[in-house]
>>> print(open('input_21.pdb').read())   # PDB, C-alpha atoms, pLDDT in the B column
ATOM      1  CA  MET A   1      -5.927  47.072 -18.196  1.00 54.00           C
ATOM      2  CA  ILE A   2      -7.143  43.697 -19.531  1.00 50.00           C
ATOM      3  CA  ARG A   3      -3.719  43.036 -21.044  1.00 53.00           C
ATOM      4  CA  LYS A   4      -2.044  43.669 -17.680  1.00 51.00           C
ATOM      5  CA  ILE A   5      -4.404  41.244 -15.947  1.00 49.00           C
ATOM      6  CA  ILE A   6      -3.743  38.535 -18.568  1.00 48.00           C
ATOM      7  CA  LYS A   7      -0.005  39.148 -18.316  1.00 49.00           C
ATOM      8  CA  LYS A   8      -0.160  38.877 -14.545  1.00 50.00           C
ATOM      9  CA  ILE A   9      -2.039  35.561 -14.669  1.00 48.00           C
ATOM     10  CA  ILE A  10       0.132  34.018 -17.365  1.00 51.00           C
ATOM     11  CA  GLY A  11       3.337  35.292 -15.806  1.00 51.00           C
ATOM     12  CA  THR A  12       2.757  33.855 -12.355  1.00 52.00           C
ATOM     13  CA  ARG A  13       5.501  31.393 -11.502  1.00 52.00           C
ATOM     14  CA  ILE A  14       4.495  28.135  -9.814  1.00 48.00           C
ATOM     15  CA  GLU A  15       7.260  26.172  -8.105  1.00 50.00           C
ATOM     16  CA  ILE A  16       6.866  22.406  -7.928  1.00 47.00           C
ATOM     17  CA  ASN A  17       9.167  20.219  -5.889  1.00 52.00           C
ATOM     18  CA  PRO A  18      10.904  17.718  -8.179  1.00 48.00           C
ATOM     19  CA  ILE A  19      10.502  13.971  -7.670  1.00 50.00           C
ATOM     20  CA  ILE A  20      14.039  13.204  -6.535  1.00 53.00           C
ATOM     21  CA  ASN A  21      15.666  11.203  -3.794  1.00 57.00           C
ATOM     22  CA  PRO A  22      18.865  13.076  -2.775  1.00 62.00           C
ATOM     23  CA  ILE A  23      20.243  10.301  -0.553  1.00 62.00           C
ATOM     24  CA  GLN A  24      23.410   8.604  -1.787  1.00 65.00           C
ATOM     25  CA  TYR A  25      22.912   4.923  -0.998  1.00 60.00           C
ATOM     26  CA  GLU A  26      25.641   2.384  -0.512  1.00 64.00           C
ATOM     27  CA  THR A  27      26.269   0.151  -3.504  1.00 65.00           C
ATOM     28  CA  ASN A  28      24.316  -3.078  -3.281  1.00 66.00           C
ATOM     29  CA  LYS A  29      24.104  -4.996  -6.529  1.00 67.00           C
ATOM     30  CA  ASN A  30      21.811  -7.583  -4.940  1.00 74.00           C
ATOM     31  CA  SER A  31      19.172  -5.000  -4.022  1.00 81.00           C
ATOM     32  CA  PHE A  32      15.976  -4.975  -6.080  1.00 79.00           C
ATOM     33  CA  THR A  33      15.117  -1.449  -4.911  1.00 83.00           C
ATOM     34  CA  GLY A  34      18.399   0.346  -5.505  1.00 78.00           C
ATOM     35  CA  ASN A  35      19.050   0.004  -1.766  1.00 82.00           C
ATOM     36  CA  SER A  36      16.500   2.774  -1.194  1.00 85.00           C
ATOM     37  CA  LEU A  37      14.763   0.882   1.637  1.00 90.00           C
ATOM     38  CA  GLN A  38      17.873   0.361   3.730  1.00 88.00           C
ATOM     39  CA  SER A  39      17.159   0.601   7.491  1.00 90.00           C
ATOM     40  CA  ASP A  40      13.446   1.343   6.926  1.00 94.00           C
ATOM     41  CA  ASN A  41      10.842  -0.155   9.259  1.00 96.00           C
ATOM     42  CA  VAL A  42       8.245  -2.271   7.437  1.00 97.00           C
ATOM     43  CA  LEU A  43       4.973  -3.586   8.856  1.00 98.00           C
ATOM     44  CA  ILE A  44       3.131  -6.366   7.007  1.00 98.00           C
ATOM     45  CA  ILE A  45      -0.468  -7.195   7.950  1.00 98.00           C
ATOM     46  CA  GLY A  46      -2.624  -9.911   6.437  1.00 96.00           C
ATOM     47  CA  ASN A  47      -3.886 -13.445   6.083  1.00 94.00           C
ATOM     48  CA  VAL A  48      -1.918 -14.958   3.167  1.00 94.00           C
ATOM     49  CA  ALA A  49       0.869 -16.750   5.034  1.00 95.00           C
ATOM     50  CA  PRO A  50       3.047 -17.937   2.083  1.00 96.00           C
ATOM     51  CA  ILE A  51       3.176 -14.505   0.425  1.00 96.00           C
ATOM     52  CA  ILE A  52       3.696 -12.756   3.755  1.00 97.00           C
ATOM     53  CA  GLU A  53       6.638 -15.046   4.522  1.00 97.00           C
ATOM     54  CA  ALA A  54       8.129 -14.379   1.093  1.00 97.00           C
ATOM     55  CA  ALA A  55       7.643 -10.629   1.568  1.00 98.00           C
ATOM     56  CA  ILE A  56       9.376 -10.705   4.959  1.00 97.00           C
ATOM     57  CA  GLN A  57      12.387 -12.455   3.428  1.00 96.00           C
ATOM     58  CA  ALA A  58      12.472  -9.969   0.544  1.00 96.00           C
ATOM     59  CA  TYR A  59      12.374  -6.891   2.787  1.00 96.00           C
ATOM     60  CA  ASN A  60      14.959  -8.349   5.135  1.00 95.00           C
ATOM     61  CA  HIS A  61      17.149  -8.872   2.060  1.00 93.00           C
ATOM     62  CA  GLU A  62      16.730  -5.140   1.384  1.00 93.00           C
ATOM     63  CA  SER A  63      18.158  -4.475   4.879  1.00 91.00           C
ATOM     64  CA  CYS A  64      14.773  -3.467   6.311  1.00 94.00           C
ATOM     65  CA  TYR A  65      13.493  -4.135   9.808  1.00 95.00           C
ATOM     66  CA  THR A  66      10.352  -6.150   9.161  1.00 97.00           C
ATOM     67  CA  THR A  67       7.444  -6.953  11.491  1.00 97.00           C
ATOM     68  CA  TYR A  68       4.166  -8.679  10.701  1.00 96.00           C
ATOM     69  CA  ILE A  69       0.687  -9.084  12.152  1.00 97.00           C
ATOM     70  CA  ASN A  70      -1.183 -12.274  11.279  1.00 96.00           C
ATOM     71  CA  LYS A  71      -4.654 -10.799  10.922  1.00 95.00           C
ATOM     72  CA  GLU A  72      -7.981 -12.175   9.783  1.00 91.00           C
ATOM     73  CA  LEU A  73     -10.425  -9.819   8.059  1.00 88.00           C
ATOM     74  CA  ILE A  74     -11.795  -8.150  11.149  1.00 90.00           C
ATOM     75  CA  GLU A  75     -11.411  -4.562  12.280  1.00 92.00           C
ATOM     76  CA  LEU A  76      -7.880  -3.345  12.943  1.00 96.00           C
ATOM     77  CA  SER A  77      -7.020  -1.217  15.960  1.00 97.00           C
ATOM     78  CA  PHE A  78      -4.421   1.520  16.338  1.00 97.00           C
ATOM     79  CA  SER A  79      -3.046  -0.244  19.413  1.00 97.00           C
ATOM     80  CA  GLU A  80      -2.255  -3.367  17.350  1.00 97.00           C
ATOM     81  CA  ILE A  81       0.098  -1.333  15.165  1.00 97.00           C
ATOM     82  CA  GLU A  82       1.699   0.334  18.184  1.00 96.00           C
ATOM     83  CA  GLU A  83       2.161  -3.054  19.867  1.00 96.00           C
ATOM     84  CA  ALA A  84       3.789  -4.472  16.728  1.00 96.00           C
ATOM     85  CA  GLY A  85       6.249  -1.581  16.649  1.00 94.00           C
ATOM     86  CA  LYS A  86       7.283  -1.521  20.288  1.00 93.00           C
ATOM     87  CA  GLU A  87      10.528  -3.402  19.590  1.00 88.00           C
ATOM     88  CA  GLU A  88      11.454  -1.153  16.650  1.00 89.00           C
ATOM     89  CA  ILE A  89      13.646   1.917  16.791  1.00 90.00           C
ATOM     90  CA  GLY A  90      11.477   4.688  15.406  1.00 92.00           C
ATOM     91  CA  TYR A  91       8.174   4.254  13.591  1.00 95.00           C
ATOM     92  CA  PHE A  92       7.038   2.185  10.637  1.00 97.00           C
ATOM     93  CA  ASP A  93       7.940   3.818   7.312  1.00 96.00           C
ATOM     94  CA  HIS A  94       5.921   1.382   5.199  1.00 97.00           C
ATOM     95  CA  ILE A  95       2.723  -0.542   5.919  1.00 98.00           C
ATOM     96  CA  ILE A  96       1.730  -3.400   3.624  1.00 98.00           C
ATOM     97  CA  ASN A  97      -1.567  -5.284   3.629  1.00 98.00           C
ATOM     98  CA  ILE A  98      -1.510  -8.739   2.005  1.00 98.00           C
ATOM     99  CA  ILE A  99      -4.981 -10.215   2.026  1.00 95.00           C
ATOM    100  CA  THR A 100      -7.365 -12.562   0.293  1.00 91.00           C
ATOM    101  CA  VAL A 101     -11.013 -13.468   0.796  1.00 82.00           C
ATOM    102  CA  ASP A 102     -13.114 -16.615   0.781  1.00 70.00           C
ATOM    103  CA  ASN A 103     -16.784 -17.362   0.140  1.00 62.00           C
ATOM    104  CA  ASN A 104     -17.701 -15.943   3.556  1.00 65.00           C
ATOM    105  CA  SER A 105     -16.531 -12.564   2.271  1.00 64.00           C
ATOM    106  CA  ASP A 106     -18.581 -12.571  -0.925  1.00 61.00           C
ATOM    107  CA  LEU A 107     -21.045  -9.771  -1.601  1.00 65.00           C
ATOM    108  CA  PHE A 108     -23.963 -12.160  -1.147  1.00 65.00           C
ATOM    109  CA  ILE A 109     -24.494 -15.134   1.167  1.00 63.00           C
ATOM    110  CA  ASN A 110     -27.480 -17.371   0.360  1.00 67.00           C
ATOM    111  CA  ASP A 111     -28.894 -14.663  -1.937  1.00 66.00           C
ATOM    112  CA  SER A 112     -28.797 -12.087   0.883  1.00 67.00           C
ATOM    113  CA  TYR A 113     -26.416  -9.140   1.121  1.00 64.00           C
ATOM    114  CA  ASN A 114     -23.395 -10.038   3.247  1.00 64.00           C
ATOM    115  CA  THR A 115     -23.325  -7.857   6.373  1.00 61.00           C
ATOM    116  CA  ASN A 116     -19.640  -8.723   6.784  1.00 70.00           C
ATOM    117  CA  ASP A 117     -18.652  -6.044   4.288  1.00 76.00           C
ATOM    118  CA  ILE A 118     -15.131  -6.811   3.048  1.00 83.00           C
ATOM    119  CA  GLU A 119     -14.759  -3.408   1.422  1.00 86.00           C
ATOM    120  CA  TYR A 120     -15.606  -1.697   4.709  1.00 87.00           C
ATOM    121  CA  ILE A 121     -13.046  -3.826   6.568  1.00 91.00           C
ATOM    122  CA  ILE A 122     -10.297  -2.928   4.089  1.00 93.00           C
ATOM    123  CA  TYR A 123     -11.257   0.743   4.204  1.00 94.00           C
ATOM    124  CA  GLU A 124     -11.198   0.618   8.018  1.00 95.00           C
ATOM    125  CA  TRP A 125      -7.705  -0.918   7.960  1.00 97.00           C
ATOM    126  CA  LEU A 126      -6.488   1.851   5.677  1.00 97.00           C
ATOM    127  CA  GLN A 127      -8.041   4.511   7.934  1.00 97.00           C
ATOM    128  CA  VAL A 128      -6.249   3.178  11.008  1.00 98.00           C
ATOM    129  CA  GLU A 129      -2.956   2.833   9.116  1.00 98.00           C
ATOM    130  CA  VAL A 130      -3.209   6.339   7.678  1.00 97.00           C
ATOM    131  CA  ASP A 131      -3.869   7.688  11.169  1.00 97.00           C
ATOM    132  CA  TYR A 132      -0.674   6.012  12.378  1.00 97.00           C
ATOM    133  CA  LEU A 133       1.440   7.247   9.454  1.00 97.00           C
ATOM    134  CA  VAL A 134       0.140  10.820   9.610  1.00 95.00           C
ATOM    135  CA  ARG A 135       0.967  11.005  13.308  1.00 94.00           C
ATOM    136  CA  ASN A 136       4.427   9.520  13.088  1.00 93.00           C
ATOM    137  CA  CYS A 137       6.059   9.800   9.662  1.00 88.00           C
ATOM    138  CA  LYS A 138       7.106  12.626   7.360  1.00 84.00           C
ATOM    139  CA  ILE A 139       7.036  10.544   4.181  1.00 88.00           C
ATOM    140  CA  SER A 140       5.697   7.000   4.092  1.00 93.00           C
ATOM    141  CA  THR A 141       4.109   4.393   1.852  1.00 95.00           C
ATOM    142  CA  LEU A 142       0.971   2.297   2.232  1.00 97.00           C
ATOM    143  CA  HIS A 143       0.101  -0.706   0.078  1.00 97.00           C
ATOM    144  CA  LEU A 144      -2.768  -3.087  -0.507  1.00 97.00           C
ATOM    145  CA  VAL A 145      -1.947  -6.473  -2.029  1.00 98.00           C
ATOM    146  CA  PHE A 146      -5.210  -8.258  -2.818  1.00 96.00           C
ATOM    147  CA  ILE A 147      -5.123 -11.880  -3.992  1.00 94.00           C
ATOM    148  CA  LEU A 148      -8.163 -12.887  -6.039  1.00 89.00           C
ATOM    149  CA  ASP A 149      -9.947 -16.161  -5.414  1.00 81.00           C
ATOM    150  CA  SER A 150     -12.915 -17.945  -6.977  1.00 68.00           C
ATOM    151  CA  THR A 151     -15.564 -15.947  -5.121  1.00 70.00           C
ATOM    152  CA  SER A 152     -18.389 -15.276  -7.597  1.00 71.00           C
ATOM    153  CA  ASN A 153     -18.336 -11.480  -7.179  1.00 77.00           C
ATOM    154  CA  ILE A 154     -14.583 -11.113  -6.839  1.00 81.00           C
ATOM    155  CA  GLU A 155     -14.228  -8.899  -9.927  1.00 84.00           C
ATOM    156  CA  ILE A 156     -16.775  -6.441  -8.508  1.00 82.00           C
ATOM    157  CA  ILE A 157     -14.855  -6.334  -5.225  1.00 85.00           C
ATOM    158  CA  ALA A 158     -11.552  -5.876  -7.071  1.00 90.00           C
ATOM    159  CA  TYR A 159     -12.974  -3.023  -9.159  1.00 91.00           C
ATOM    160  CA  SER A 160     -14.239  -1.268  -6.026  1.00 90.00           C
ATOM    161  CA  LEU A 161     -10.839  -1.619  -4.385  1.00 94.00           C
ATOM    162  CA  ARG A 162      -9.088  -0.155  -7.423  1.00 95.00           C
ATOM    163  CA  GLN A 163     -11.367   2.876  -7.284  1.00 95.00           C
ATOM    164  CA  MET A 164     -10.806   3.177  -3.531  1.00 95.00           C
ATOM    165  CA  ILE A 165      -7.031   3.188  -3.994  1.00 96.00           C
ATOM    166  CA  ASN A 166      -7.256   5.703  -6.827  1.00 95.00           C
ATOM    167  CA  GLY A 167      -9.371   8.150  -4.835  1.00 94.00           C
ATOM    168  CA  LEU A 168      -7.527   7.831  -1.531  1.00 95.00           C
ATOM    169  CA  GLY A 169      -4.127   7.892  -3.234  1.00 93.00           C
ATOM    170  CA  LYS A 170      -4.676  11.405  -4.558  1.00 90.00           C
ATOM    171  CA  LEU A 171      -5.877  12.719  -1.187  1.00 92.00           C
ATOM    172  CA  LEU A 172      -3.098  11.093   0.831  1.00 94.00           C
ATOM    173  CA  LEU A 173      -0.394  12.822  -1.207  1.00 91.00           C
ATOM    174  CA  ASN A 174      -1.347  15.951   0.757  1.00 91.00           C
ATOM    175  CA  HIS A 175      -0.137  14.084   3.856  1.00 92.00           C
ATOM    176  CA  ASN A 176       3.051  12.740   2.217  1.00 92.00           C
ATOM    177  CA  ILE A 177       1.631   9.212   2.133  1.00 94.00           C
ATOM    178  CA  ILE A 178       2.009   7.245  -1.084  1.00 95.00           C
ATOM    179  CA  LEU A 179      -0.761   4.657  -1.492  1.00 96.00           C
ATOM    180  CA  ASN A 180      -0.861   2.077  -4.239  1.00 95.00           C
ATOM    181  CA  GLY A 181      -2.130  -1.433  -4.791  1.00 96.00           C
ATOM    182  CA  ILE A 182      -1.496  -4.790  -6.390  1.00 97.00           C
ATOM    183  CA  ILE A 183      -4.373  -7.061  -7.411  1.00 96.00           C
ATOM    184  CA  ALA A 184      -3.241 -10.526  -8.470  1.00 95.00           C
ATOM    185  CA  ASP A 185      -4.873 -13.717  -9.678  1.00 92.00           C
ATOM    186  CA  ASN A 186      -4.369 -16.554  -7.210  1.00 89.00           C
ATOM    187  CA  ASN A 187      -2.226 -18.457  -9.722  1.00 91.00           C
ATOM    188  CA  ILE A 188       0.336 -15.675 -10.147  1.00 94.00           C
ATOM    189  CA  PRO A 189       3.798 -16.808  -8.953  1.00 94.00           C
ATOM    190  CA  GLU A 190       4.836 -15.432  -5.581  1.00 95.00           C
ATOM    191  CA  ASP A 191       8.016 -13.960  -7.070  1.00 95.00           C
ATOM    192  CA  SER A 192       5.989 -11.793  -9.451  1.00 95.00           C
ATOM    193  CA  ILE A 193       3.856 -10.447  -6.599  1.00 96.00           C
ATOM    194  CA  ILE A 194       6.860  -9.780  -4.353  1.00 97.00           C
ATOM    195  CA  GLN A 195       8.849  -8.051  -7.103  1.00 95.00           C
ATOM    196  CA  SER A 196       5.862  -5.835  -7.917  1.00 96.00           C
ATOM    197  CA  LEU A 197       5.483  -4.996  -4.238  1.00 97.00           C
ATOM    198  CA  LEU A 198       9.165  -4.129  -3.835  1.00 95.00           C
ATOM    199  CA  PHE A 199       8.929  -1.915  -6.906  1.00 94.00           C
ATOM    200  CA  CYS A 200       5.930  -0.065  -5.468  1.00 94.00           C
ATOM    201  CA  THR A 201       7.628   0.460  -2.109  1.00 94.00           C
ATOM    202  CA  SER A 202      10.959   1.596  -3.514  1.00 91.00           C
ATOM    203  CA  LYS A 203      12.034   4.960  -4.863  1.00 86.00           C
ATOM    204  CA  TYR A 204      11.180   3.729  -8.380  1.00 85.00           C
ATOM    205  CA  GLY A 205       7.533   2.996  -7.718  1.00 84.00           C
ATOM    206  CA  GLN A 206       6.636   5.819  -5.398  1.00 81.00           C
ATOM    207  CA  VAL A 207       5.488   7.912  -8.363  1.00 83.00           C
ATOM    208  CA  LEU A 208       2.557   5.499  -8.708  1.00 84.00           C
ATOM    209  CA  ALA A 209       0.446   7.185  -6.058  1.00 89.00           C
ATOM    210  CA  GLY A 210      -3.148   5.986  -6.314  1.00 93.00           C
ATOM    211  CA  GLU A 211      -2.359   3.397  -8.982  1.00 94.00           C
ATOM    212  CA  THR A 212      -2.996  -0.345  -8.988  1.00 96.00           C
ATOM    213  CA  ILE A 213      -0.855  -2.990 -10.681  1.00 95.00           C
ATOM    214  CA  ASN A 214      -3.065  -5.778 -12.041  1.00 95.00           C
ATOM    215  CA  LEU A 215      -1.332  -9.161 -12.341  1.00 95.00           C
ATOM    216  CA  LYS A 216      -3.381 -11.412 -14.601  1.00 88.00           C
ATOM    217  CA  TYR A 217      -2.590 -14.969 -15.633  1.00 78.00           C
ATOM    218  CA  ASN A 218      -2.621 -15.361 -19.411  1.00 74.00           C
ATOM    219  CA  GLY A 219      -1.529 -18.976 -19.667  1.00 58.00           C
TER     220      GLY A 219
END
>>> encode(input="input_21.pdb", output="structure tokens")
Amino acid sequence: MIRKIIKKIIGTRIEINPIINPIQYETNKNSFTGNSLQSDNVLIIGNVAPIIEAAIQAYNHESCYTTYINKELIELSFSEIEEAGKEEIGYFDHIINIITVDNNSDLFINDSYNTNDIEYIIYEWLQVEVDYLVRNCKISTLHLVFILDSTSNIEIIAYSLRQMINGLGKLLLNHNIILNGIIADNNIPEDSIIQSLLFCTSKYGQVLAGETINLKYNG
């Protein structure tokens, strides 16, 4: 009897869907993403204008339809995303947050805890964006690009964000949302940040659910 039970447990077949993209894309030797983002709708939200502009150019080069919201670190509303997408055909397939902080976003201001909680704001953005993606997309990606500055507690904030991405990334796979992050020193070249972001968004990087790429300057 025991042997039958063990045999039944061990012999149970579990089917797992393979990580494969069956679409045959047109040849594009200039594409950084294997042309896997062709015709996708991309929304970029954030407050780092030079990197956002570079990202828009990069995604347009990948034949994406790209929209952006210039947004300071205040709460994000669902209607802002809907408004940004009203000119698009279909819904956003990818949402990218490109943000940085200043001394007003530090953990402490004048030795008192900062009530303008940057981690809460970022978490609130992700909540609103996840709500949008769950409602509208079958498979989608969500990204946080966080540029470090000289804020005294920036490493603590960065560590918290890495843990946030790791935890949420595992849960969001159940909703077919791939979440990952990039945390970069403020002296990292824009090209390195953009190439890392394109990799994460593309078919190559979508296996990195819940992972964070850390770009550190070693010069």
>>> closest_residue(input="input_21.pdb", among="A:Thr212, A:Thr33, A:Ser192, A:Asn97", to="Leu168 (chain A)", atoms="all atoms listed in the file")
A:Thr212
>>> closest_atom_pairs(input="input_21.pdb", of="region 107-176 of chain A", to="region 72-96 of chain A", cutoff="8 Å", atoms="only C-alpha atoms", output="CSV")
residue,atom,partner,partner_atom,distance
A:Ile118,CA,A:Leu73,CA,7.5
A:Ile121,CA,A:Glu75,CA,6.0
A:Ile122,CA,A:Leu73,CA,8.0
A:Glu124,CA,A:Glu75,CA,6.7
A:Trp125,CA,A:Leu76,CA,5.5
A:Val128,CA,A:Phe78,CA,5.9
A:Glu129,CA,A:Ile95,CA,7.3
A:Tyr132,CA,A:Phe78,CA,7.1
A:Leu133,CA,A:Phe92,CA,7.6
A:Asn136,CA,A:Tyr91,CA,6.5
A:Cys137,CA,A:Asp93,CA,6.7
A:Ile139,CA,A:Asp93,CA,7.5
A:Ser140,CA,A:Asp93,CA,5.1
A:Thr141,CA,A:His94,CA,4.9
A:Leu142,CA,A:Ile95,CA,5.0
A:His143,CA,A:Ile96,CA,4.7
A:Leu144,CA,A:Ile96,CA,6.1
A:Val145,CA,A:Ile96,CA,7.4
>>> closest_residue(input="input_21.pdb", among="A:Cys200, A:Val130, A:Met164, A:Val101", to="Ile177 (chain A)", atoms="only C-alpha atoms")
A:Val130
>>> resolve_selection(input="input_21.pdb", expression="the PyMOL selection byres ((chain A and resi 53-60) around 12)", output="VMD selection string")
chain A and resid 30 to 33 35 to 52 61 to 70 94 to 98 145 189 to 199 201 to 202
>>> residues_near_point(input="input_21.pdb", point="(-4.8, -2.2, -11.9)", cutoff="12 Å", atoms="all atoms listed in the file", output="number ranges by chain")
A: 144-146, 155, 158-166, 180-185, 196, 208, 210-216
>>> atom_distance(input="input_21.pdb", atom1="CA of Tyr204 (chain A)", atom2="CA of Leu126 (chain A)")
22.7 Å
>>> atom_distance(input="input_21.pdb", atom1="CA of Ile178 (chain A)", atom2="CA of Gly205 (chain A)")
9.6 Å
>>> atom_distance(input="input_21.pdb", atom1="CA of Leu171 (chain A)", atom2="CA of Lys203 (chain A)")
19.9 Å
>>> closest_residue(input="input_21.pdb", among="A:Asn153, A:Lys138, A:Tyr217, A:Lys71", to="Asn186 (chain A)", atoms="all atoms listed in the file")
A:Tyr217
>>> axis_aligned_box(input="input_21.pdb", around="region 69-75 of chain A", padding_each_side="5 Å", output="JSON")
{"center_x": -5.6, "center_y": -8.4, "center_z": 10.2, "size_x": 22.5, "size_y": 17.7, "size_z": 14.2}
>>> closest_residue(input="input_21.pdb", among="A:Val207, A:Tyr123, A:Asn218, A:Asp102", to="Ser152 (chain A)", atoms="all atoms listed in the file")
A:Asp102
